[in-house]
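A short worksheet on the structure shown next.
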Amino acid sequence: MTRIYLDWAATATARPEVVETMLPLLAGSYNPSSMHADGRAARAVLDAAREEVAAVLGAAPREIVFTGSGTEADALAILGSARANAARGRHLVTTAIEHLAVLRAAAVLEDEGWAVSRVGVSADGVVDPGAVAAAFRPETALVSVMLANNELGTIQPVAAVAAAARARGIPLHVDAVQAAGYLPLDVERLGPDLLALSAHKLGGPKGVGALYVRRGTPLAPLLAGGPQEHGLRAGTENVAGIAGFARALALAERERPATAARVAELRERFERAVLRAVPDAVILGHNVSRLPHICALAIPDVPRDAVLIALDLEGVSASAGSACAAGSLEPSHVVAALRLGARFVRGVVRFSLGRTTTADEVDRAAAVLGPVVARMRTTDLTV
Ligand code: PLP
């Protein structure tokens, strides 16, 4: 039986079109900073990729900085703008449900003497823009709110936060890593000053990301070195990876309405089947707008990791939602922020669908889950 991959929010494999774009460049691209014809050819590839990414965001190519991951894009946004902007004040506002790429960067700032406000979320996993605005202080130098959460899929009110931040002249960073491919990324409509993307969630290669930097936004580089990427990210560019990223993003954007509709329908089918199989399970964030591909299921009275291992043995790849939660009995920081009842908090499993997920796969996964949970409940798992 072929395995069923329902962990697309962790990563997608590279699309065939992306591999086709990258292969010749892996075999034979040169340094885009070189003056000679070989270097100029690599520069042309890089320029075209930058234009393609900028076009999806409605940005200028000059506003795109390629990085080595989504994590690096978040770090550059937070630490880079803090370093460039400290004269304004040393206070960061963010949310309790950001990815660790943001929360750990915030913790670095705290170690350096900054104050950080982590605004909580509703039981459905959405931050209140009014609560974000209420956390602003005269010395707030940056606000960081994700476009959609990677564990729950819940969509955050970024445009409202952007309006509040703009009214106070505070720059806004948006982690759009998980939303990309499913939500519009038009930076004029969304209103961020900084926005992070990662290629591998979109069917691009792992180890490539980008940061949108609105013209005029103060930002200091994190790495000392050459003048690449407008002086904001030193290091010879990953030409093949960046070209693959641009291809993946452009394809995802073109296919977005059709993919989003198809995946949403499959998720609904999956959730209906899962709730029939495990009627006391709860779908987190089901009352609010969610990304179409994520289903975070809280199963009462079962330990998450035992369910994940049993699913894995049955050929289903699902996840705890974040790498750091795996292997620990504690809920992730995102699940903890929802303040679920004690019976649910340790039983949250994330299923995430993707571009090639089929109805047969979701049916088979749901059919496996019922007996797995039933078995857990009749086995003494206490140690
Ligand atoms: N931000 C969010 C919301 C994510 O889901 C991820 C990936 O897990 C990242 C940032 C980090 O991206 P990368 O894996 O490219 O470092």
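Scheme for the structure tokens: letters A, B, ... for chains in order shown; per-chain residue numbers from 1; ligand numbers from 1 in order shown.
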Give the residue list for ligand 1 at 7 Å, counting only C-alpha atoms and all ligand atoms, as a PDB file with N, CA and C atoms, in the first residue's frame, sorted by chain and then by residue number.
ATOM      1  N   ALA A   9       2.042  20.874   5.318  1.00  0.00           N
ATOM      2  CA  ALA A   9       2.398  22.122   5.995  1.00  0.00           C
ATOM      3  C   ALA A   9       3.832  22.049   6.519  1.00  0.00           C
ATOM      4  N   ALA A  10       4.353  20.830   6.680  1.00  0.00           N
ATOM      5  CA  ALA A  10       5.766  20.702   7.076  1.00  0.00           C
ATOM      6  C   ALA A  10       6.652  20.943   5.869  1.00  0.00           C
ATOM      7  N   SER A  69      16.237  30.603   3.826  1.00  0.00           N
ATOM      8  CA  SER A  69      15.065  29.881   4.366  1.00  0.00           C
ATOM      9  C   SER A  69      14.007  30.900   4.806  1.00  0.00           C
ATOM     10  N   GLY A  70      12.834  30.367   5.136  1.00  0.00           N
ATOM     11  CA  GLY A  70      11.821  31.209   5.751  1.00  0.00           C
ATOM     12  C   GLY A  70      12.290  31.682   7.121  1.00  0.00           C
ATOM     13  N   THR A  71      12.953  30.795   7.831  1.00  0.00           N
ATOM     14  CA  THR A  71      13.488  31.148   9.155  1.00  0.00           C
ATOM     15  C   THR A  71      14.430  32.345   9.048  1.00  0.00           C
ATOM     16  N   GLU A  72      15.295  32.302   8.032  1.00  0.00           N
ATOM     17  CA  GLU A  72      16.245  33.413   7.882  1.00  0.00           C
ATOM     18  C   GLU A  72      15.515  34.706   7.497  1.00  0.00           C
ATOM     19  N   ASP A  74      12.506  35.553   8.425  1.00  0.00           N
ATOM     20  CA  ASP A  74      11.926  36.063   9.677  1.00  0.00           C
ATOM     21  C   ASP A  74      13.002  36.702  10.561  1.00  0.00           C
ATOM     22  N   GLU A  98       3.030  32.794  16.919  1.00  0.00           N
ATOM     23  CA  GLU A  98       3.974  32.879  15.794  1.00  0.00           C
ATOM     24  C   GLU A  98       4.804  31.604  15.711  1.00  0.00           C
ATOM     25  N   HIS A  99       5.372  31.385  14.545  1.00  0.00           N
ATOM     26  CA  HIS A  99       6.343  30.292  14.376  1.00  0.00           C
ATOM     27  C   HIS A  99       7.568  30.597  15.239  1.00  0.00           C
ATOM     28  N   ALA A 101      10.492  30.662  14.438  1.00  0.00           N
ATOM     29  CA  ALA A 101      11.432  31.549  13.730  1.00  0.00           C
ATOM     30  C   ALA A 101      11.239  32.994  14.179  1.00  0.00           C
ATOM     31  N   MET A 146       1.692  36.931  11.979  1.00  0.00           N
ATOM     32  CA  MET A 146       1.709  36.024  10.828  1.00  0.00           C
ATOM     33  C   MET A 146       0.415  36.130  10.024  1.00  0.00           C
ATOM     34  N   ASN A 149      -1.624  30.803  10.599  1.00  0.00           N
ATOM     35  CA  ASN A 149      -0.853  29.975  11.519  1.00  0.00           C
ATOM     36  C   ASN A 149      -0.567  28.598  10.932  1.00  0.00           C
ATOM     37  N   ASN A 150       0.649  28.126  11.156  1.00  0.00           N
ATOM     38  CA  ASN A 150       1.087  26.866  10.552  1.00  0.00           C
ATOM     39  C   ASN A 150       0.551  25.636  11.259  1.00  0.00           C
ATOM     40  N   ASP A 175       4.788  37.120   8.650  1.00  0.00           N
ATOM     41  CA  ASP A 175       5.284  35.801   8.254  1.00  0.00           C
ATOM     42  C   ASP A 175       4.184  35.169   7.401  1.00  0.00           C
ATOM     43  N   ALA A 176       4.445  35.112   6.091  1.00  0.00           N
ATOM     44  CA  ALA A 176       3.433  34.569   5.167  1.00  0.00           C
ATOM     45  C   ALA A 176       3.837  33.181   4.672  1.00  0.00           C
ATOM     46  N   VAL A 177       4.748  32.530   5.389  1.00  0.00           N
ATOM     47  CA  VAL A 177       5.324  31.268   4.917  1.00  0.00           C
ATOM     48  C   VAL A 177       4.244  30.215   4.680  1.00  0.00           C
ATOM     49  N   GLN A 178       3.310  30.078   5.605  1.00  0.00           N
ATOM     50  CA  GLN A 178       2.323  29.000   5.484  1.00  0.00           C
ATOM     51  C   GLN A 178       1.146  29.424   4.595  1.00  0.00           C
ATOM     52  N   SER A 198       8.820  31.189   2.135  1.00  0.00           N
ATOM     53  CA  SER A 198       9.744  30.057   2.056  1.00  0.00           C
ATOM     54  C   SER A 198       9.364  29.207   0.852  1.00  0.00           C
ATOM     55  N   ALA A 199      10.369  28.742   0.116  1.00  0.00           N
ATOM     56  CA  ALA A 199      10.095  28.029  -1.142  1.00  0.00           C
ATOM     57  C   ALA A 199       9.509  26.642  -0.926  1.00  0.00           C
ATOM     58  N   HIS A 200       9.960  25.945   0.132  1.00  0.00           N
ATOM     59  CA  HIS A 200       9.650  24.512   0.185  1.00  0.00           C
ATOM     60  C   HIS A 200       8.221  24.186   0.570  1.00  0.00           C
ATOM     61  N   LYS A 206      13.939  23.169  -0.627  1.00  0.00           N
ATOM     62  CA  LYS A 206      14.195  23.553   0.764  1.00  0.00           C
ATOM     63  C   LYS A 206      15.449  24.425   0.810  1.00  0.00           C
ATOM     64  N   GLY A 207      15.518  25.272   1.843  1.00  0.00           N
ATOM     65  CA  GLY A 207      16.721  26.089   1.981  1.00  0.00           C
ATOM     66  C   GLY A 207      16.725  27.328   1.098  1.00  0.00           C
ATOM     67  N   VAL A 208      15.546  27.818   0.736  1.00  0.00           N
ATOM     68  CA  VAL A 208      15.456  29.084  -0.004  1.00  0.00           C
ATOM     69  C   VAL A 208      14.251  29.855   0.534  1.00  0.00           C
ATOM     70  N   GLY A 209      14.438  31.122   0.776  1.00  0.00           N
ATOM     71  CA  GLY A 209      13.334  31.965   1.227  1.00  0.00           C
ATOM     72  C   GLY A 209      13.475  33.345   0.629  1.00  0.00           C
TER      73      GLY A 209
END
Q: Please provide as number ranges by chain all residues within 6 Å of range 281-295 of chain A, with the sequence filter that same-chain residues fewer than 5 positions apart are discarded (counting only C-alpha atoms).
A: A: 124, 153-155, 263-264, 350-353
Q.
Report as a VMD selection string all protein, DNA and RNA residues lying within 12 Å of Ala54 in chain A, evaluated on only C-alpha atoms, omitting residues in the same chain fewer than 3 positions from it.
A. chain A and resid 47 to 51 57 to 66 185 to 187 195 197 210 to 214 246 249 to 250
Q. Which one of A:Gly244, A:Gly216, A:Pro171, A:Gly68 sits closest to Leu202 in chain A if you count only C-alpha atoms?
A.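 Of A:Gly244, A:Gly216, A:Pro171, A:Gly68, the one nearest Leu202 in chain A is A:Gly244, counting only C-alpha atoms.
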(Q) Taking 2 positions as the minimum chain separation for residues in the same chain, which residues sit within 9 Å of Leu308 in chain A when counting only C-alpha atoms? Answer as JSON, numbers by chain. (A) {"A": [303, 304, 305, 306, 310, 311, 312, 313, 316, 317, 318, 319, 320, 349]}
Q: as a PyMOL selection string, list the residues of range 16-184 of chain A assigned to helix (DSSP H, G or I) by DSSP on the backbone atoms of this structure.
A: chain A and resi 16-28+37-57+61-63+70-88+100-111+129-134+158-168
Q: Between A:Leu46, A:Val126, A:Ile170, A:Ala105, single out the one closest to Pro138 in chain A, counting only C-alpha atoms.
A: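 Residue with the minimum atom-to-atom distance to Pro138 in chain A: A:Ile170.
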(Q) According to DSSP computed on the backbone, where in range 42-178 of chain A is there strand (DSSP E or B)? Give the residues as a PyMOL selection string. (A) chain A and resi 64-67+91-95+115-119+140-144+148+154-155+172-175
Using only C-alpha atoms, which protein or nucleic acid residues come within 8 Å of Pro221 in chain A? Drop anything in the same chain fewer than 3 positions from it, and give the result as a compact mmCIF listing (two decimals) with N, CA and C atoms, in the first residue's frame.
# COMPACT_ATOMS: atom_id res chain seq x y z
N LEU A 76 15.88 37.98 9.65
CA LEU A 76 16.34 39.24 9.05
C LEU A 76 15.33 40.35 9.32
N GLY A 80 17.03 42.30 12.01
CA GLY A 80 17.55 43.34 11.11
C GLY A 80 16.82 44.65 11.30
N ALA A 224 27.86 39.60 7.98
CA ALA A 224 28.89 40.48 7.43
C ALA A 224 29.44 39.79 6.18
N GLY A 231 22.79 44.51 -0.46
CA GLY A 231 23.56 44.73 0.76
C GLY A 231 22.89 44.18 2.01
N LEU A 232 21.79 43.42 1.83
CA LEU A 232 21.05 42.96 3.01
C LEU A 232 21.28 41.49 3.33
N ARG A 233 21.90 40.74 2.39
CA ARG A 233 22.12 39.33 2.66
C ARG A 233 23.38 38.89 1.91
N ALA A 234 24.48 38.96 2.65
CA ALA A 234 25.77 38.62 2.03
C ALA A 234 25.82 37.13 1.70
(Q) My list of candidates is A:Gly120, A:Pro129, A:Gly321, A:Gly113. Which is closest to Ala298 in chain A when distances are computed with only C-alpha atoms? (A)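 When distances to Ala298 in chain A are compared using only C-alpha atoms, the smallest one comes from A:Gly321.
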